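Listing of upload.cif, mmCIF, C-alpha atoms
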data_coords
#
loop_
_atom_site.label_atom_id
_atom_site.label_comp_id
_atom_site.auth_asym_id
_atom_site.auth_seq_id
_atom_site.Cartn_x
_atom_site.Cartn_y
_atom_site.Cartn_z
CA MET A 1 11.38 1.00 -20.52
CA LYS A 2 10.85 4.17 -18.51
CA ALA A 3 12.89 4.95 -15.41
CA THR A 4 9.73 4.85 -13.29
CA GLU A 5 8.91 1.38 -14.65
CA ILE A 6 12.38 0.20 -13.68
CA LEU A 7 11.86 1.54 -10.16
CA ALA A 8 8.46 -0.18 -9.95
CA ASP A 9 10.09 -3.43 -11.04
CA GLY A 10 12.75 -3.04 -8.35
CA TYR A 11 10.16 -2.40 -5.66
CA GLY A 12 8.30 -5.48 -6.89
CA ARG A 13 11.45 -7.53 -6.31
CA ILE A 14 11.50 -6.38 -2.68
CA ARG A 15 7.95 -7.72 -2.38
CA GLU A 16 8.93 -11.07 -3.88
CA VAL A 17 11.79 -11.56 -1.42
CA VAL A 18 9.77 -10.42 1.60
CA HIS A 19 6.97 -12.86 0.80
CA GLU A 20 9.41 -15.72 0.16
CA VAL A 21 11.05 -15.05 3.52
CA VAL A 22 7.94 -14.64 5.67
CA GLU A 23 5.45 -17.10 4.21
CA GLY A 24 5.25 -20.44 5.96
CA LEU A 25 7.12 -19.41 9.12
CA SER A 26 5.69 -19.57 12.61
CA ALA A 27 5.69 -16.57 14.94
CA GLU A 28 8.47 -18.27 16.88
CA GLU A 29 10.63 -18.51 13.76
CA LEU A 30 9.86 -14.94 12.67
CA ASN A 31 10.80 -13.57 16.09
CA ASP A 32 13.83 -15.82 16.66
CA ARG A 33 17.31 -14.30 16.68
CA THR A 34 20.33 -16.33 15.68
CA ASP A 35 22.12 -14.85 18.70
CA ALA A 36 21.34 -12.24 21.35
CA GLY A 37 22.60 -9.34 19.25
CA ALA A 38 21.17 -10.41 15.90
CA ASN A 39 18.16 -9.04 14.05
CA SER A 40 15.09 -11.24 13.72
CA ILE A 41 13.18 -11.69 10.49
CA THR A 42 10.35 -9.76 12.13
CA TRP A 43 12.57 -6.78 12.90
CA LEU A 44 14.22 -6.80 9.46
CA VAL A 45 10.91 -6.89 7.56
CA TRP A 46 9.27 -4.37 9.89
CA HIS A 47 12.27 -2.04 9.57
CA LEU A 48 12.54 -2.21 5.78
CA THR A 49 8.81 -1.58 5.55
CA ARG A 50 8.96 1.36 7.97
CA VAL A 51 11.84 2.89 6.00
CA GLN A 52 9.96 2.56 2.72
CA ASP A 53 6.78 3.90 4.29
CA ASP A 54 8.54 6.85 5.92
CA HIS A 55 10.72 7.87 3.00
CA VAL A 56 8.24 7.37 0.16
CA ALA A 57 5.43 9.06 2.11
CA ASP A 58 7.70 12.03 2.78
CA ALA A 59 8.78 12.27 -0.86
CA SER A 60 5.21 11.93 -2.14
CA GLY A 61 3.59 14.26 0.37
CA ARG A 62 1.32 11.45 1.58
CA GLU A 63 0.65 10.24 5.10
CA GLN A 64 2.54 7.15 6.18
CA VAL A 65 0.51 3.96 5.91
CA TRP A 66 1.73 3.17 9.45
CA HIS A 67 -0.45 5.98 10.76
CA ALA A 68 -3.13 6.36 8.08
CA GLN A 69 -4.20 2.71 8.30
CA ASP A 70 -3.42 2.43 12.03
CA TRP A 71 -0.75 -0.25 11.73
CA VAL A 72 0.92 1.42 14.70
CA THR A 73 -1.97 0.18 16.89
CA ARG A 74 -2.12 -3.24 15.23
CA PHE A 75 1.56 -3.86 15.97
CA ALA A 76 1.31 -2.34 19.48
CA LEU A 77 5.08 -2.09 19.83
CA PRO A 78 6.69 -0.65 22.96
CA LEU A 79 8.40 2.00 20.83
CA PRO A 80 7.70 5.60 19.87
CA ALA A 81 4.93 5.80 17.24
CA ASP A 82 7.33 7.20 14.62
CA ALA A 83 10.11 4.63 15.19
CA THR A 84 11.58 3.16 12.01
CA GLY A 85 14.36 1.08 13.52
CA PHE A 86 17.28 3.43 12.83
CA GLY A 87 19.71 3.25 15.73
CA HIS A 88 17.79 0.54 17.57
CA SER A 89 19.55 -1.15 20.46
CA SER A 90 19.52 -4.93 20.81
CA ARG A 91 16.72 -4.59 23.37
CA GLN A 92 14.62 -2.51 20.98
CA VAL A 93 15.23 -4.99 18.16
CA GLY A 94 14.00 -7.76 20.45
CA SER A 95 10.86 -5.80 21.30
CA VAL A 96 9.65 -5.90 17.68
CA ARG A 97 7.62 -9.12 17.70
CA VAL A 98 4.56 -10.44 15.87
CA ASP A 99 2.05 -13.20 16.47
CA SER A 100 2.02 -14.17 12.80
CA GLY A 101 3.49 -13.36 9.42
CA GLU A 102 0.09 -12.04 8.33
CA LEU A 103 0.64 -8.84 10.29
CA LEU A 104 4.08 -8.26 8.74
CA LEU A 105 2.87 -9.03 5.21
CA GLY A 106 -0.31 -7.00 5.65
CA TYR A 107 1.65 -3.91 6.56
CA PHE A 108 4.30 -4.54 3.92
CA ASP A 109 1.71 -5.05 1.16
CA ALA A 110 -0.16 -1.87 2.15
CA VAL A 111 3.07 0.14 1.97
CA HIS A 112 4.05 -1.56 -1.29
CA GLU A 113 0.71 -0.60 -2.86
CA GLN A 114 1.08 3.03 -1.78
CA SER A 115 4.65 3.11 -3.12
CA LEU A 116 3.61 1.58 -6.46
CA GLY A 117 0.71 4.00 -6.77
CA PHE A 118 3.13 6.87 -6.31
CA LEU A 119 5.70 5.42 -8.74
CA ARG A 120 3.06 4.83 -11.44
CA GLY A 121 2.04 8.49 -11.27
CA LEU A 122 5.56 9.82 -11.83
CA ALA A 123 7.07 11.15 -15.01
CA ALA A 124 10.80 10.79 -15.63
CA ALA A 125 11.28 14.53 -15.06
CA ASP A 126 9.85 14.17 -11.53
CA LEU A 127 12.87 12.13 -10.53
CA ASN A 128 15.03 15.29 -10.70
CA ARG A 129 12.99 17.10 -8.03
CA VAL A 130 15.03 17.83 -4.90
CA VAL A 131 13.43 16.19 -1.85
CA ASP A 132 16.12 16.75 0.78
CA GLU A 133 18.40 19.78 0.87
CA ARG A 134 20.22 18.68 4.05
CA TRP A 135 22.81 16.82 1.95
CA ASP A 136 25.52 18.03 -0.39
CA PRO A 137 24.59 17.54 -3.12
CA PRO A 138 20.87 17.79 -2.35
CA VAL A 139 18.95 14.51 -2.70
CA THR A 140 16.66 14.17 -5.68
CA LEU A 141 13.53 12.03 -5.74
CA GLY A 142 15.26 9.52 -8.03
CA VAL A 143 18.21 9.16 -5.66
CA ARG A 144 15.88 8.81 -2.65
CA LEU A 145 13.81 6.10 -4.35
CA VAL A 146 16.94 4.16 -5.36
CA SER A 147 18.32 4.54 -1.83
CA VAL A 148 15.14 3.04 -0.35
CA LEU A 149 15.22 0.27 -2.95
CA ALA A 150 18.83 -0.61 -2.15
CA ASP A 151 18.32 -0.48 1.62
CA ASP A 152 15.17 -2.59 1.46
CA LEU A 153 16.77 -5.22 -0.78
CA GLN A 154 19.73 -5.47 1.60
CA HIS A 155 17.45 -6.03 4.58
CA ALA A 156 15.28 -8.49 2.64
CA GLY A 157 18.45 -10.42 1.77
CA GLN A 158 19.49 -10.39 5.42
CA ALA A 159 16.08 -11.76 6.37
CA ALA A 160 16.47 -14.52 3.76
CA PHE A 161 19.85 -15.37 5.27
CA VAL A 162 18.33 -15.53 8.76
CA ARG A 163 15.55 -17.81 7.48
CA GLY A 164 18.14 -20.18 6.01
CA ALA A 165 20.20 -20.17 9.22
CA LEU A 166 17.13 -20.91 11.33
CA GLN A 167 16.03 -23.71 9.00
CA ARG A 168 19.51 -25.29 9.09
CA ARG A 169 19.53 -25.08 12.89
CA ARG A 170 16.08 -26.68 13.05
CA ARG A 171 17.16 -29.55 10.76
CA ALA A 172 20.28 -30.11 12.86
CA THR A 173 18.24 -30.48 16.06
CA ARG A 174 15.90 -33.11 14.63
#

Target encoding C-alpha cells, full file:
Amino acid sequence: MKATEILADGYGRIREVVHEVVEGLSAEELNDRTDAGANSITWLVWHLTRVQDDHVADASGREQVWHAQDWVTRFALPLPADATGFGHSSRQVGSVRVDSGELLLGYFDAVHEQSLGFLRGLAAADLNRVVDERWDPPVTLGVRLVSVLADDLQHAGQAAFVRGALQRRRRATR
C-alpha cells in the first residue's frame, strides 16, 4: 500500500465518524452544548472541516471549498469569513449553529472530496515537499496531512462523545 493510499484511508475514517455523529440528530441536538463552556457537535464538525479545508487547500494550491462553493454564505455565521475556529471564545463557539445536519455534512463532504482528489494525485515523493518554513524543522506536506488527519480525528471523537452524552441525558429525562 502506498503512503498516499494510507492517507486517503485515514481521511475516509474521518468521514465515517463525522457521518455517524451527525446523521439522525436534530438541529437542537447538533447545536446543544453539554455546559456553557463546552463545544457543540456543530462547532466541532464545522471546525474540523474548516481546518481540513484551510490546510489542504493551502498545501495543494487550491481555493478553499468554503469560499469557492460559497459555503461561507450558506452558513451565514457572525464570524470573519476566514474563521476556522482556532482561538474561539465560548461566545464564538456558541455562534456556530446550523438548522440541520445536511448543511454540516454537505460542507464536510465537499471538503472531503477535494482532499481526496488532491491525495489521489500525489506521488510518495510529493510528501517530502516543504509546505511551511515557519517551523523548525520546516513542515513537509506529509507531516501537514498527518497533522490534519490527527486533529480531525480528535475532534470527530470529541463530537462522538458529545453525541453520547446528549443521548444519555435525553434518556435520563424521559

If the PyMOL selection byres ((chain A and resi 130) around 7) is run on the structure shown, which residues does it catch, given as a PDB file with C-alpha atoms, in the coordinates of the input?
ATOM      1  CA  ASN A 128      15.030  15.290 -10.700  1.00  0.00           C
ATOM      2  CA  ARG A 129      12.990  17.100  -8.030  1.00  0.00           C
ATOM      3  CA  VAL A 131      13.430  16.190  -1.850  1.00  0.00           C
ATOM      4  CA  ASP A 132      16.120  16.750   0.780  1.00  0.00           C
ATOM      5  CA  GLU A 133      18.400  19.780   0.870  1.00  0.00           C
ATOM      6  CA  PRO A 138      20.870  17.790  -2.350  1.00  0.00           C
ATOM      7  CA  VAL A 139      18.950  14.510  -2.700  1.00  0.00           C
ATOM      8  CA  THR A 140      16.660  14.170  -5.680  1.00  0.00           C
ATOM      9  CA  LEU A 141      13.530  12.030  -5.740  1.00  0.00           C
TER      10      LEU A 141
END

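On the file presented, the PyMOL selection byres ((chain A and resi 146) around 12) picks out Ala3, Thr4, Ile6, Leu7, Ala8, Asp9, Gly10, Tyr11, Gln52, His55, Val56, Leu119, Leu127, Val139, Thr140, Leu141, Gly142, Val143, Arg144, Leu145, Ser147, Val148, Leu149, Ala150, Asp151, Asp152 and Leu153 of chain A.
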
Written file, previous selection with C-alpha atoms, as a short mmCIF file (atom, residue, chain, number, x, y, z; two decimals), in the coordinates of the input:
data_model
loop_
_atom_site.label_atom_id
_atom_site.label_comp_id
_atom_site.auth_asym_id
_atom_site.auth_seq_id
_atom_site.Cartn_x
_atom_site.Cartn_y
_atom_site.Cartn_z
CA ALA A 3 12.89 4.95 -15.41
CA THR A 4 9.73 4.85 -13.29
CA ILE A 6 12.38 0.20 -13.68
CA LEU A 7 11.86 1.54 -10.16
CA ALA A 8 8.46 -0.18 -9.95
CA ASP A 9 10.09 -3.43 -11.04
CA GLY A 10 12.75 -3.04 -8.35
CA TYR A 11 10.16 -2.40 -5.66
CA GLN A 52 9.96 2.56 2.72
CA HIS A 55 10.72 7.87 3.00
CA VAL A 56 8.24 7.37 0.16
CA LEU A 119 5.70 5.42 -8.74
CA LEU A 127 12.87 12.13 -10.53
CA VAL A 139 18.95 14.51 -2.70
CA THR A 140 16.66 14.17 -5.68
CA LEU A 141 13.53 12.03 -5.74
CA GLY A 142 15.26 9.52 -8.03
CA VAL A 143 18.21 9.16 -5.66
CA ARG A 144 15.88 8.81 -2.65
CA LEU A 145 13.81 6.10 -4.35
CA SER A 147 18.32 4.54 -1.83
CA VAL A 148 15.14 3.04 -0.35
CA LEU A 149 15.22 0.27 -2.95
CA ALA A 150 18.83 -0.61 -2.15
CA ASP A 151 18.32 -0.48 1.62
CA ASP A 152 15.17 -2.59 1.46
CA LEU A 153 16.77 -5.22 -0.78
#

Run the PyMOL selection byres ((chain A and resi 53) around 9) against the file shown and list the residues it catches, as a ChimeraX atom specification. /A:48-52,54-58,63-66,108,111-112,114-115

So, with all atoms listed in the file as the atoms that count, which of A:Val93, A:Leu79, A:Val45, A:Leu116 lies closest to Arg33 of chain A?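 Selected residue with least distance to Arg33 of chain A: A:Val93.
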
Sphere at (1.2, -5.9, 12.8), radius 6 Å, counting all atoms listed in the file: residues as an MDAnalysis selection string: chainID A and resid 74:75 103:104

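The two atoms in question, atom CA of Asp126 of chain A and atom CA of Ala110 of chain A, are spaced 23.3 Å apart.
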
Gap from atom CA of Glu113 of chain A to atom CA of Gln92 of chain A - Å, one decimal: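 Between atom CA of Glu113 of chain A and atom CA of Gln92 of chain A the gap works out to 27.7 Å.
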
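Rounded to one decimal, atom CA of Thr73 of chain A and atom CA of Val96 of chain A lie 13.1 Å from each other.
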
Taking 2 positions as the minimum chain separation for residues in the same chain, which residues sit within 9 Å of Asn31 of chain A when counting all atoms listed in the file? Answer as a list in words.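 Counting only the stated atoms, we get Ser26, Ala27, Glu28, Glu29, Arg33, Asn39, Ser40, Ile41, Thr42, Trp43, Gly94, Val96, Arg97, Val98 and Asp99 of chain A.
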